[in-house]
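run17.tsv (TSV, C-alpha atoms)
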```
chain	number	residue	atom	x	y	z
Y	1351	MET	CA	246.61	-173.64	40.19
Y	1352	THR	CA	247.51	-172.04	36.87
Y	1353	GLU	CA	248.39	-174.34	33.98
Y	1354	THR	CA	251.64	-173.60	32.18
Y	1355	THR	CA	250.90	-171.63	29.03
Y	1356	HIS	CA	253.76	-172.16	26.63
Y	1357	ALA	CA	252.59	-169.23	24.52
Y	1358	THR	CA	253.71	-166.99	27.41
Y	1359	ILE	CA	256.42	-164.67	26.18
Y	1360	ALA	CA	259.70	-165.15	28.07
Y	1361	ARG	CA	261.01	-161.82	29.30
Y	1362	PRO	CA	264.69	-160.98	28.76
Y	1363	TYR	CA	266.70	-161.69	31.91
Y	1364	PRO	CA	268.46	-160.29	33.84
Y	1365	PHE	CA	266.06	-157.36	33.82
Y	1366	SER	CA	268.89	-154.83	34.01
Y	1367	ASP	CA	272.66	-154.67	34.32
Y	1368	PRO	CA	273.77	-154.91	37.96
Y	1369	HIS	CA	274.29	-151.46	39.50
Y	1370	ARG	CA	276.52	-151.50	42.55
Y	1371	LEU	CA	274.60	-153.53	45.13
Y	1372	ASP	CA	271.13	-152.36	44.15
Y	1373	VAL	CA	268.28	-154.85	43.83
Y	1374	ASP	CA	266.12	-154.27	40.75
Y	1375	PRO	CA	262.71	-152.95	41.93
Y	1376	ARG	CA	260.97	-155.28	39.47
Y	1377	TYR	CA	261.57	-158.17	41.85
Y	1378	ALA	CA	259.26	-156.58	44.42
Y	1379	GLU	CA	256.56	-156.19	41.76
Y	1380	LEU	CA	256.95	-159.83	40.72
Y	1381	ARG	CA	256.79	-161.13	44.28
Y	1382	ARG	CA	253.52	-159.27	44.67
Y	1383	ASP	CA	251.87	-159.90	41.31
Y	1384	GLU	CA	253.58	-162.72	39.42
Y	1385	PRO	CA	255.99	-164.75	41.58
Y	1386	LEU	CA	256.82	-167.27	38.84
Y	1387	ILE	CA	257.49	-165.93	35.36
Y	1388	ARG	CA	259.04	-167.13	32.13
Y	1389	VAL	CA	262.45	-165.59	31.39
Y	1390	GLN	CA	265.05	-165.84	28.67
Y	1391	LEU	CA	268.72	-165.58	29.60
Y	1392	PRO	CA	271.24	-164.51	26.92
Y	1393	PHE	CA	271.84	-168.18	26.05
Y	1394	GLY	CA	269.96	-171.44	26.43
Y	1395	GLU	CA	266.31	-172.37	26.57
Y	1396	PRO	CA	263.61	-170.31	28.37
Y	1397	ALA	CA	263.09	-170.99	32.07
Y	1398	TRP	CA	260.78	-170.22	34.95
Y	1399	LEU	CA	262.09	-167.74	37.52
Y	1400	ALA	CA	261.05	-168.00	41.17
Y	1401	THR	CA	261.21	-164.77	43.18
Y	1402	ARG	CA	259.44	-165.42	46.51
Y	1403	HIS	CA	261.31	-166.79	49.52
Y	1404	ALA	CA	258.99	-169.79	49.93
Y	1405	ASP	CA	259.16	-170.71	46.24
Y	1406	VAL	CA	262.93	-170.31	46.02
Y	1407	ARG	CA	263.36	-172.47	49.12
Y	1408	ALA	CA	260.99	-175.07	47.68
Y	1409	VAL	CA	262.83	-175.33	44.37
Y	1410	LEU	CA	266.23	-175.61	46.05
Y	1411	GLY	CA	265.08	-178.20	48.57
Y	1412	ASP	CA	262.75	-180.41	46.53
Y	1413	LEU	CA	264.46	-183.43	44.94
Y	1414	ARG	CA	261.88	-183.32	42.17
Y	1415	PHE	CA	263.98	-180.44	40.82
Y	1416	SER	CA	267.22	-181.83	39.42
Y	1417	ARG	CA	270.60	-180.34	38.61
Y	1418	ALA	CA	271.79	-183.55	36.95
Y	1419	ALA	CA	268.94	-183.35	34.44
Y	1420	ALA	CA	270.63	-180.28	32.94
Y	1421	VAL	CA	273.19	-182.57	31.30
Y	1422	GLY	CA	272.52	-182.72	27.59
Y	1423	ARG	CA	270.10	-179.79	27.70
Y	1424	ASP	CA	270.57	-176.26	26.42
Y	1425	GLU	CA	270.74	-174.98	29.99
Y	1426	PRO	CA	269.71	-171.31	30.58
Y	1427	ARG	CA	272.92	-169.35	31.11
Y	1428	SER	CA	274.77	-166.06	30.72
Y	1429	THR	CA	277.70	-167.56	28.84
Y	1430	ARG	CA	277.87	-168.64	25.22
Y	1431	TYR	CA	279.57	-171.87	26.28
Y	1432	GLN	CA	278.21	-174.37	28.80
Y	1433	ARG	CA	280.48	-174.67	31.81
Y	1434	GLU	CA	281.46	-177.90	33.53
Y	1435	ALA	CA	279.33	-177.86	36.70
Y	1436	GLY	CA	281.17	-180.56	38.64
Y	1437	ILE	CA	279.53	-181.37	41.96
Y	1438	LEU	CA	277.02	-178.55	41.32
Y	1439	GLY	CA	275.69	-180.60	38.43
Y	1440	MET	CA	274.94	-183.68	40.52
Y	1441	ASP	CA	271.91	-184.93	42.47
Y	1442	PRO	CA	271.84	-187.19	45.52
Y	1443	PRO	CA	273.03	-189.89	46.02
Y	1444	GLU	CA	276.01	-189.15	43.72
Y	1445	HIS	CA	276.20	-185.60	45.03
Y	1446	SER	CA	276.00	-186.82	48.63
Y	1447	ARG	CA	278.83	-189.30	48.06
Y	1448	LEU	CA	281.23	-186.54	47.03
Y	1449	ARG	CA	279.97	-183.96	49.50
Y	1450	ARG	CA	280.51	-186.30	52.46
Y	1451	LEU	CA	284.16	-186.56	51.50
Y	1452	ALA	CA	284.75	-182.86	52.14
Y	1453	ALA	CA	282.09	-182.12	54.75
Y	1454	LYS	CA	284.18	-183.06	57.79
Y	1455	ALA	CA	286.63	-180.26	57.00
Y	1456	PHE	CA	283.87	-177.64	57.10
Y	1457	THR	CA	282.04	-178.55	60.31
Y	1458	ALA	CA	281.31	-175.86	62.89
Y	1459	ARG	CA	283.88	-177.45	65.20
Y	1460	ARG	CA	286.64	-177.44	62.58
Y	1461	VAL	CA	285.84	-173.85	61.63
Y	1462	GLU	CA	286.01	-172.72	65.26
Y	1463	GLU	CA	289.41	-174.39	65.55
Y	1464	LEU	CA	290.51	-172.20	62.64
Y	1465	ARG	CA	289.17	-168.97	64.17
Y	1466	PRO	CA	292.22	-168.05	66.34
Y	1467	ARG	CA	294.62	-168.56	63.42
Y	1468	THR	CA	292.32	-166.60	61.12
Y	1469	ARG	CA	292.24	-163.77	63.66
Y	1470	GLU	CA	296.04	-163.73	63.80
Y	1471	TRP	CA	296.25	-163.49	60.02
Y	1472	ALA	CA	293.59	-160.76	59.90
Y	1473	GLU	CA	295.43	-158.72	62.51
Y	1474	GLU	CA	298.69	-159.16	60.62
Y	1475	LEU	CA	297.09	-158.02	57.36
Y	1476	VAL	CA	295.23	-155.05	58.86
Y	1477	THR	CA	298.37	-153.99	60.74
Y	1478	GLY	CA	300.29	-154.22	57.48
Y	1479	MET	CA	297.68	-152.07	55.76
Y	1480	ILE	CA	297.99	-149.45	58.50
Y	1481	ALA	CA	301.79	-149.51	58.21
Y	1482	ALA	CA	301.52	-148.98	54.45
Y	1483	GLY	CA	299.75	-145.71	55.18
Y	1484	SER	CA	296.45	-144.10	54.41
Y	1485	PRO	CA	294.76	-144.33	51.97
Y	1486	ALA	CA	295.05	-148.02	51.18
Y	1487	ASP	CA	293.14	-150.55	49.13
Y	1488	LEU	CA	291.27	-152.97	51.40
Y	1489	VAL	CA	290.90	-155.46	48.54
Y	1490	THR	CA	294.66	-155.76	48.05
Y	1491	HIS	CA	295.73	-155.63	51.69
Y	1492	VAL	CA	293.03	-157.67	53.44
Y	1493	ALA	CA	290.09	-159.00	51.41
Y	1494	THR	CA	292.13	-161.00	48.90
Y	1495	PRO	CA	294.94	-162.53	50.99
Y	1496	LEU	CA	292.90	-163.56	54.04
Y	1497	PRO	CA	290.44	-166.03	52.43
Y	1498	ILE	CA	293.29	-167.43	50.35
Y	1499	ARG	CA	295.38	-168.13	53.46
Y	1500	VAL	CA	292.43	-169.79	55.18
Y	1501	ILE	CA	291.46	-172.11	52.32
Y	1502	CYS	CA	295.11	-172.97	51.65
Y	1503	ASP	CA	295.55	-173.97	55.28
Y	1504	LEU	CA	292.40	-176.07	55.24
Y	1505	LEU	CA	293.14	-177.88	51.99
Y	1506	GLY	CA	296.92	-178.01	52.21
Y	1507	VAL	CA	297.69	-175.82	49.20
Y	1508	PRO	CA	300.92	-173.73	49.17
Y	1509	VAL	CA	299.90	-170.12	49.75
Y	1510	ALA	CA	302.94	-169.10	47.69
Y	1511	ASP	CA	301.03	-170.27	44.60
Y	1512	GLN	CA	298.15	-167.85	45.23
Y	1513	ASP	CA	298.85	-165.52	42.32
Y	1514	ARG	CA	298.44	-168.43	39.93
Y	1515	PHE	CA	295.36	-170.17	41.31
Y	1516	HIS	CA	293.57	-166.93	42.22
Y	1517	THR	CA	293.83	-165.86	38.58
Y	1518	TRP	CA	292.63	-169.23	37.32
Y	1519	SER	CA	289.71	-169.23	39.77
Y	1520	GLU	CA	288.05	-166.36	37.94
Y	1521	ALA	CA	286.90	-168.96	35.42
Y	1522	ILE	CA	284.33	-170.33	37.90
Y	1523	VAL	CA	282.56	-166.97	38.27
Y	1524	SER	CA	283.09	-165.51	34.80
Y	1525	THR	CA	280.20	-164.93	32.44
Y	1526	THR	CA	281.72	-162.52	29.93
Y	1527	SER	CA	284.84	-161.25	31.74
Y	1528	LEU	CA	286.95	-163.98	30.07
Y	1529	ARG	CA	286.91	-165.19	26.50
Y	1530	PRO	CA	285.69	-168.81	26.33
Y	1531	GLU	CA	289.09	-170.14	25.33
Y	1532	VAL	CA	290.78	-168.24	28.18
Y	1533	ALA	CA	288.22	-169.47	30.71
Y	1534	GLN	CA	288.79	-173.05	29.55
Y	1535	SER	CA	292.56	-172.68	29.77
Y	1536	TYR	CA	292.20	-171.36	33.34
Y	1537	VAL	CA	290.07	-174.36	34.28
Y	1538	ASP	CA	292.58	-176.72	32.67
Y	1539	ASN	CA	295.44	-175.03	34.53
Y	1540	LEU	CA	293.61	-175.30	37.85
Y	1541	LEU	CA	292.83	-178.99	37.33
Y	1542	SER	CA	296.41	-179.72	36.27
Y	1543	TYR	CA	297.75	-177.86	39.29
Y	1544	MET	CA	295.49	-179.82	41.65
Y	1545	ALA	CA	296.43	-183.12	40.00
Y	1546	GLY	CA	300.05	-182.26	40.74
Y	1547	LEU	CA	299.33	-181.65	44.42
Y	1548	ILE	CA	297.42	-184.94	44.62
Y	1549	ALA	CA	300.38	-186.76	43.09
Y	1550	GLN	CA	302.63	-185.20	45.74
Y	1551	ARG	CA	300.33	-186.52	48.49
Y	1552	ARG	CA	300.85	-190.05	47.26
Y	1553	VAL	CA	304.58	-189.62	47.73
Y	1554	THR	CA	304.34	-187.62	50.97
Y	1555	PRO	CA	301.01	-188.15	52.80
Y	1556	THR	CA	299.58	-185.22	54.77
Y	1557	ASP	CA	296.78	-184.63	57.31
Y	1558	ASP	CA	295.10	-181.83	55.35
Y	1559	LEU	CA	291.90	-182.17	53.30
Y	1560	ILE	CA	293.67	-183.03	50.05
Y	1561	GLY	CA	295.59	-185.74	51.88
Y	1562	ALA	CA	292.34	-187.12	53.31
Y	1563	MET	CA	290.72	-187.15	49.88
Y	1564	VAL	CA	293.67	-189.01	48.39
Y	1565	ARG	CA	293.52	-191.62	51.14
Y	1566	ALA	CA	289.79	-192.07	50.59
Y	1567	ARG	CA	290.38	-192.57	46.87
Y	1568	ASP	CA	293.28	-194.99	47.28
Y	1569	GLU	CA	291.65	-197.05	50.03
Y	1570	ASN	CA	288.42	-197.52	48.11
Y	1571	ALA	CA	288.73	-196.83	44.41
Y	1572	ASP	CA	285.11	-197.83	43.88
Y	1573	ARG	CA	283.94	-194.82	45.93
Y	1574	LEU	CA	285.82	-192.16	43.98
Y	1575	THR	CA	287.37	-191.78	40.58
Y	1576	GLU	CA	290.64	-189.90	40.19
Y	1577	ASP	CA	288.87	-187.25	38.10
Y	1578	GLU	CA	286.28	-186.73	40.86
Y	1579	VAL	CA	288.99	-186.14	43.45
Y	1580	VAL	CA	290.82	-183.67	41.23
Y	1581	ARG	CA	287.68	-181.74	40.30
Y	1582	LEU	CA	286.32	-181.65	43.84
Y	1583	ALA	CA	289.61	-180.41	45.28
Y	1584	ALA	CA	289.96	-177.76	42.55
Y	1585	GLY	CA	286.37	-176.64	43.06
Y	1586	LEU	CA	286.86	-176.32	46.82
Y	1587	LEU	CA	290.02	-174.26	46.31
Y	1588	ALA	CA	288.40	-171.89	43.82
Y	1589	ALA	CA	284.98	-171.52	45.42
Y	1590	GLY	CA	286.50	-171.60	48.90
Y	1591	HIS	CA	288.08	-168.20	48.46
Y	1592	GLU	CA	286.64	-166.48	45.36
Y	1593	THR	CA	283.26	-165.46	46.78
Y	1594	THR	CA	284.65	-164.43	50.19
Y	1595	VAL	CA	287.31	-162.29	48.50
Y	1596	THR	CA	284.42	-160.48	46.81
Y	1597	GLN	CA	282.07	-160.39	49.79
Y	1598	ILE	CA	284.48	-158.82	52.32
Y	1599	PRO	CA	284.69	-155.51	50.40
Y	1600	ASN	CA	280.93	-155.63	49.80
Y	1601	LEU	CA	280.27	-155.82	53.55
Y	1602	VAL	CA	282.70	-153.03	54.37
Y	1603	TYR	CA	281.36	-150.86	51.54
Y	1604	VAL	CA	277.78	-151.17	52.83
Y	1605	LEU	CA	278.85	-150.37	56.39
Y	1606	LEU	CA	280.88	-147.32	55.34
Y	1607	THR	CA	277.96	-145.99	53.29
Y	1608	GLU	CA	275.64	-146.54	56.29
Y	1609	PRO	CA	277.80	-144.77	58.90
Y	1610	GLU	CA	275.22	-145.02	61.69
Y	1611	VAL	CA	275.44	-148.82	61.45
Y	1612	TRP	CA	279.25	-148.72	61.56
Y	1613	GLN	CA	279.11	-146.44	64.60
Y	1614	ARG	CA	276.73	-148.81	66.33
Y	1615	LEU	CA	279.06	-151.74	65.70
Y	1616	ARG	CA	281.92	-149.70	67.14
Y	1617	ALA	CA	279.87	-149.20	70.29
Y	1618	GLU	CA	278.53	-152.77	70.38
Y	1619	PRO	CA	281.03	-155.15	68.74
Y	1620	THR	CA	279.11	-158.14	70.15
Y	1621	LEU	CA	276.58	-157.42	67.37
Y	1622	VAL	CA	279.06	-158.48	64.68
Y	1623	PRO	CA	277.68	-162.04	64.20
Y	1624	SER	CA	274.10	-160.81	63.75
Y	1625	ALA	CA	275.38	-157.94	61.58
Y	1626	VAL	CA	277.10	-160.45	59.28
Y	1627	GLU	CA	273.86	-162.40	58.88
Y	1628	GLU	CA	271.93	-159.23	58.08
Y	1629	LEU	CA	274.59	-158.10	55.60
Y	1630	LEU	CA	274.50	-161.52	53.92
Y	1631	ARG	CA	270.74	-161.10	53.52
Y	1632	PHE	CA	270.94	-157.49	52.41
Y	1633	ILE	CA	273.75	-157.76	49.84
Y	1634	PRO	CA	272.75	-159.21	46.43
Y	1635	LEU	CA	276.02	-161.06	45.77
Y	1636	GLY	CA	274.73	-162.78	42.65
Y	1637	ALA	CA	274.68	-160.68	39.50
Y	1638	THR	CA	272.18	-163.02	37.86
Y	1639	SER	CA	270.52	-166.38	38.38
Y	1640	ALA	CA	272.30	-169.55	37.31
Y	1641	PHE	CA	272.34	-173.33	37.75
Y	1642	ALA	CA	268.78	-174.11	36.70
Y	1643	ARG	CA	266.90	-177.01	38.27
Y	1644	TYR	CA	264.88	-179.21	35.93
Y	1645	ALA	CA	261.51	-180.58	37.01
Y	1646	LEU	CA	261.53	-184.38	36.99
Y	1647	GLU	CA	257.72	-184.43	37.10
Y	1648	ASP	CA	254.89	-181.91	37.07
Y	1649	VAL	CA	255.27	-179.74	40.20
Y	1650	GLU	CA	253.23	-176.79	41.41
Y	1651	ILE	CA	255.33	-173.79	42.46
Y	1652	GLY	CA	253.87	-170.42	43.35
Y	1653	GLY	CA	250.46	-171.44	42.04
Y	1654	VAL	CA	251.92	-172.37	38.65
Y	1655	LEU	CA	252.24	-175.86	37.21
Y	1656	VAL	CA	255.82	-176.44	36.14
Y	1657	ARG	CA	255.80	-179.31	33.70
Y	1658	ALA	CA	258.28	-182.20	33.75
Y	1659	GLY	CA	261.42	-181.25	31.85
Y	1660	GLU	CA	261.09	-177.50	32.33
Y	1661	PRO	CA	263.98	-175.59	33.94
Y	1662	VAL	CA	263.47	-173.31	36.94
Y	1663	LEU	CA	265.85	-170.57	38.06
Y	1664	VAL	CA	265.72	-168.90	41.47
Y	1665	SER	CA	266.55	-165.35	42.52
Y	1666	ILE	CA	268.32	-165.41	45.90
Y	1667	PRO	CA	268.50	-161.57	46.11
Y	1668	SER	CA	264.75	-161.36	45.57
Y	1669	ALA	CA	264.03	-164.09	48.13
Y	1670	ASN	CA	266.18	-162.24	50.66
Y	1671	ARG	CA	264.08	-159.10	50.19
Y	1672	ASP	CA	260.71	-160.89	50.52
Y	1673	GLU	CA	258.39	-158.66	52.60
Y	1674	SER	CA	256.44	-161.66	53.87
Y	1675	VAL	CA	259.57	-162.98	55.60
Y	1676	PHE	CA	261.66	-159.87	56.31
Y	1677	PRO	CA	259.74	-156.79	57.51
Y	1678	ASP	CA	261.06	-153.59	55.92
Y	1679	PRO	CA	263.38	-155.72	53.76
Y	1680	ASP	CA	265.21	-152.88	52.03
Y	1681	ARG	CA	266.56	-151.58	55.34
Y	1682	LEU	CA	269.76	-152.87	56.93
Y	1683	ASP	CA	268.46	-153.82	60.38
Y	1684	LEU	CA	270.88	-155.13	63.00
Y	1685	ASP	CA	267.96	-155.85	65.33
Y	1686	ARG	CA	266.26	-158.30	62.97
Y	1687	GLU	CA	265.11	-161.08	65.30
Y	1688	THR	CA	264.80	-163.87	62.75
Y	1689	ASN	CA	266.89	-164.00	59.62
Y	1690	PRO	CA	266.29	-167.12	57.52
Y	1691	HIS	CA	268.19	-165.68	54.55
Y	1692	LEU	CA	269.17	-167.87	51.62
Y	1693	ALA	CA	272.56	-166.31	50.92
Y	1694	PHE	CA	274.18	-169.75	51.13
Y	1695	GLY	CA	271.38	-171.49	49.26
Y	1696	HIS	CA	269.26	-174.30	50.63
Y	1697	GLY	CA	268.82	-178.04	50.28
Y	1698	PRO	CA	271.39	-180.53	48.96
Y	1699	HIS	CA	273.53	-177.80	47.40
Y	1700	HIS	CA	273.58	-175.52	50.47
Y	1701	CYS	CA	277.07	-173.99	50.50
Y	1702	ILE	CA	279.42	-176.43	52.19
Y	1703	GLY	CA	281.66	-173.54	53.25
Y	1704	ALA	CA	278.91	-171.44	54.84
Y	1705	GLN	CA	280.32	-171.72	58.37
Y	1706	LEU	CA	283.82	-170.92	57.12
Y	1707	ALA	CA	282.63	-167.83	55.25
Y	1708	ARG	CA	280.66	-166.62	58.29
Y	1709	MET	CA	283.71	-166.97	60.50
Y	1710	GLU	CA	285.99	-165.12	58.08
Y	1711	LEU	CA	283.53	-162.24	57.66
Y	1712	GLN	CA	283.08	-161.94	61.42
Y	1713	VAL	CA	286.83	-161.94	62.04
Y	1714	VAL	CA	287.48	-159.28	59.39
Y	1715	LEU	CA	284.83	-156.93	60.80
Y	1716	GLU	CA	285.98	-157.47	64.40
Y	1717	THR	CA	289.59	-156.78	63.40
Y	1718	LEU	CA	288.76	-153.62	61.44
Y	1719	LEU	CA	286.56	-152.31	64.27
Y	1720	ALA	CA	289.36	-152.89	66.77
Y	1721	HIS	CA	292.25	-151.48	64.73
Y	1722	THR	CA	290.62	-148.91	62.42
Y	1723	PRO	CA	287.51	-147.62	64.24
Y	1724	GLY	CA	287.65	-144.44	62.14
Y	1725	LEU	CA	287.56	-146.37	58.87
Y	1726	ARG	CA	286.00	-144.43	55.99
Y	1727	LEU	CA	285.96	-144.31	52.20
Y	1728	ALA	CA	289.04	-142.54	50.83
Y	1729	VAL	CA	287.30	-141.53	47.58
Y	1730	PRO	CA	283.77	-140.38	46.73
Y	1731	GLU	CA	281.37	-143.29	46.42
Y	1732	SER	CA	280.82	-142.38	42.76
Y	1733	ALA	CA	284.54	-142.96	42.09
Y	1734	LEU	CA	284.43	-146.63	43.10
Y	1735	THR	CA	284.61	-149.14	40.24
Y	1736	TRP	CA	282.75	-152.43	40.09
Y	1737	LYS	CA	283.60	-155.75	38.50
Y	1738	SER	CA	281.60	-156.81	35.45
Y	1739	GLY	CA	281.05	-159.95	33.44
Y	1740	LEU	CA	280.94	-162.17	36.53
Y	1741	LEU	CA	278.31	-164.25	38.31
Y	1742	VAL	CA	279.02	-162.17	41.44
Y	1743	ARG	CA	279.02	-158.45	42.18
Y	1744	GLY	CA	282.02	-156.82	43.78
Y	1745	LEU	CA	284.42	-153.92	43.83
Y	1746	THR	CA	287.66	-153.87	41.87
Y	1747	ALA	CA	289.19	-151.85	44.73
Y	1748	LEU	CA	288.05	-150.26	47.99
Y	1749	PRO	CA	290.29	-147.29	48.91
Y	1750	VAL	CA	289.92	-146.52	52.62
Y	1751	SER	CA	291.35	-144.12	55.19
Y	1752	TRP	CA	291.21	-144.30	58.98
```
Can you present the structure in this file as structure tokens?
Amino acid sequence: MTETTHATIARPYPFSDPHRLDVDPRYAELRRDEPLIRVQLPFGEPAWLATRHADVRAVLGDLRFSRAAAVGRDEPRSTRYQREAGILGMDPPEHSRLRRLAAKAFTARRVEELRPRTREWAEELVTGMIAAGSPADLVTHVATPLPIRVICDLLGVPVADQDRFHTWSEAIVSTTSLRPEVAQSYVDNLLSYMAGLIAQRRVTPTDDLIGAMVRARDENADRLTEDEVVRLAAGLLAAGHETTVTQIPNLVYVLLTEPEVWQRLRAEPTLVPSAVEELLRFIPLGATSAFARYALEDVEIGGVLVRAGEPVLVSIPSANRDESVFPDPDRLDLDRETNPHLAFGHGPHHCIGAQLARMELQVVLETLLAHTPGLRLAVPESALTWKSGLLVRGLTALPVSW
């Protein structure tokens, strides 16, 4: 075991600006030679960075690494201001108390009940895109409206309000895309909007998730504060569609730039579920690492002693390219037999909407394969533009023909 040497120079991080969906080759070097290193994000104190699958999984799953301990610290981050982390800033049992409130709405059974309706919406949107004529922007016609419809249905949010809350939701993934005061105003607007919906539920009770949360609050005020209900509901609305809106074009982009894989899916559509898992592993959705865990005691990770009070960041994209877990990791392989990717995280903060996201991605690919088997990029790959200043990577538009 190597003792922490605080004289170690923290390397600037991220190592490079995100380029499309490329994974920086330095991660492979670090996994091989130096799996835990000191890094310095643009703001906040230095941190350790874990790059191997086993170490990332250990940090995310070990309760000796705390999110709540970040409160009051100069947390490593990409933004000048420190964002309100909500449930992501909690540890069990407080975290578990809130998570249980929403978990029933995201079970595999509930998600499967939503699949037929999601398929109907996907077919309606893809058919509408076809009717609009080729070329068309997949982001506008399909990738944005579908996840919004799904999360609105689940929570009980009027889909007619989507232009407002979709704009405000950018605040949860912004690093530099929004000025701090704009990001805060978006958060305030989202919270105010959700508080209004909660007030409506008290006048007219409903069977949706917001209605269930209001009943839980009103029946046992000791379990939940009003602020917790508002923030949890707003977080579920924003996170419940924002990343999927971004990930749908990412999946389609990868498939259209690997035409042999698209052709194989056309021939074998039953491979779509395994293809989605492999694409989730392969695509580095995160633009940088965030949400540091603080060691509550001295813990050994990757042969290094992390001292109590030191923050640790994890690289999910690096873990998902770990050669010791995924043979030939830089190849998109639909025949990968085991795929323990960490795209949805691990441990207490494992994405509560993982099953929902999987279902939506599967439905979109199945619908596109069925209705637009000749789908292709409508512009040269070099002409595509990518979002910047966000925690996630994604395309601003994806022009396609069929």
Given the choices Y:Trp1736, Y:Leu1682, Y:Arg1581, Y:His1699, which gets closest to Y:Pro1442 if the distance is worked out from only C-alpha atoms?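 Under the stated criterion, the closest residue is Y:His1699.
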Excluding same-chain residues fewer than 5 positions from Y:Gln1712, what lies within 7 Å of it counting only C-alpha atoms, as a list of chain:residue names?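 In the requested form, the answer reads Y:Val1622, Y:Pro1623, Y:Val1626.
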Measuring between all atoms listed in the file, which one of Y:Met1544, Y:Val1675, Y:Val1602, Y:Leu1399 shows the shortest distance to Y:Arg1726? Y:Val1602
Padding 3 Å on every side, please: axis-aligned box over the listed atoms of stretch 1562-1574 of chain Y, centre and edge lengths to one decimal in Å, as AutoDock Vina command-line options.
```
--center_x 288.8 --center_y -192.5 --center_z 48.6 --size_x 15.7 --size_y 16.7 --size_z 15.4
```
Which of Y:Arg1433, Y:Arg1567, Y:Arg1447, Y:Arg1361 sits closest to Y:Gln1534 [using all atoms listed in the file]: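 Among the listed residues, the smallest separation from Y:Gln1534 belongs to Y:Arg1433.
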Rank Y:Arg1459, Y:Arg1551, Y:His1591, Y:Arg1423 by their smallest atom-to-atom distance to Y:Ala1707, using all atoms listed in the file, and report the top residue only.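 Of Y:Arg1459, Y:Arg1551, Y:His1591, Y:Arg1423, the one nearest Y:Ala1707, counting all atoms listed in the file, is Y:His1591.
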Rebuild all heavy atoms on stretch 1558-1562 of chain Y, as a CSV table (one decimal), in the coordinates of the input?
```csv
chain,number,residue,atom,x,y,z
Y,1558,ASP,N,296.0,-182.9,55.8
Y,1558,ASP,CA,295.1,-181.8,55.4
Y,1558,ASP,C,294.0,-182.5,54.5
Y,1558,ASP,O,293.9,-183.7,54.4
Y,1558,ASP,CB,295.8,-180.8,54.5
Y,1558,ASP,CG,296.7,-181.4,53.5
Y,1558,ASP,OD1,296.3,-182.2,52.7
Y,1558,ASP,OD2,297.9,-181.0,53.4
Y,1559,LEU,N,293.1,-181.6,54.0
Y,1559,LEU,CA,291.9,-182.2,53.3
Y,1559,LEU,C,292.3,-182.9,52.0
Y,1559,LEU,O,291.7,-183.9,51.7
Y,1559,LEU,CB,290.9,-181.0,53.0
Y,1559,LEU,CG,289.6,-181.5,52.3
Y,1559,LEU,CD1,288.9,-182.6,53.0
Y,1559,LEU,CD2,288.7,-180.3,52.1
Y,1560,ILE,N,293.2,-182.3,51.3
Y,1560,ILE,CA,293.7,-183.0,50.0
Y,1560,ILE,C,294.2,-184.4,50.4
Y,1560,ILE,O,294.0,-185.4,49.7
Y,1560,ILE,CB,294.7,-182.2,49.3
Y,1560,ILE,CG1,294.0,-180.9,48.7
Y,1560,ILE,CG2,295.3,-183.0,48.1
Y,1560,ILE,CD1,295.0,-180.0,48.0
Y,1561,GLY,N,295.0,-184.5,51.4
Y,1561,GLY,CA,295.6,-185.7,51.9
Y,1561,GLY,C,294.5,-186.7,52.2
Y,1561,GLY,O,294.6,-187.9,51.9
Y,1562,ALA,N,293.5,-186.2,52.9
Y,1562,ALA,CA,292.3,-187.1,53.3
Y,1562,ALA,C,291.6,-187.6,52.1
Y,1562,ALA,O,291.2,-188.8,52.0
Y,1562,ALA,CB,291.4,-186.4,54.3
```
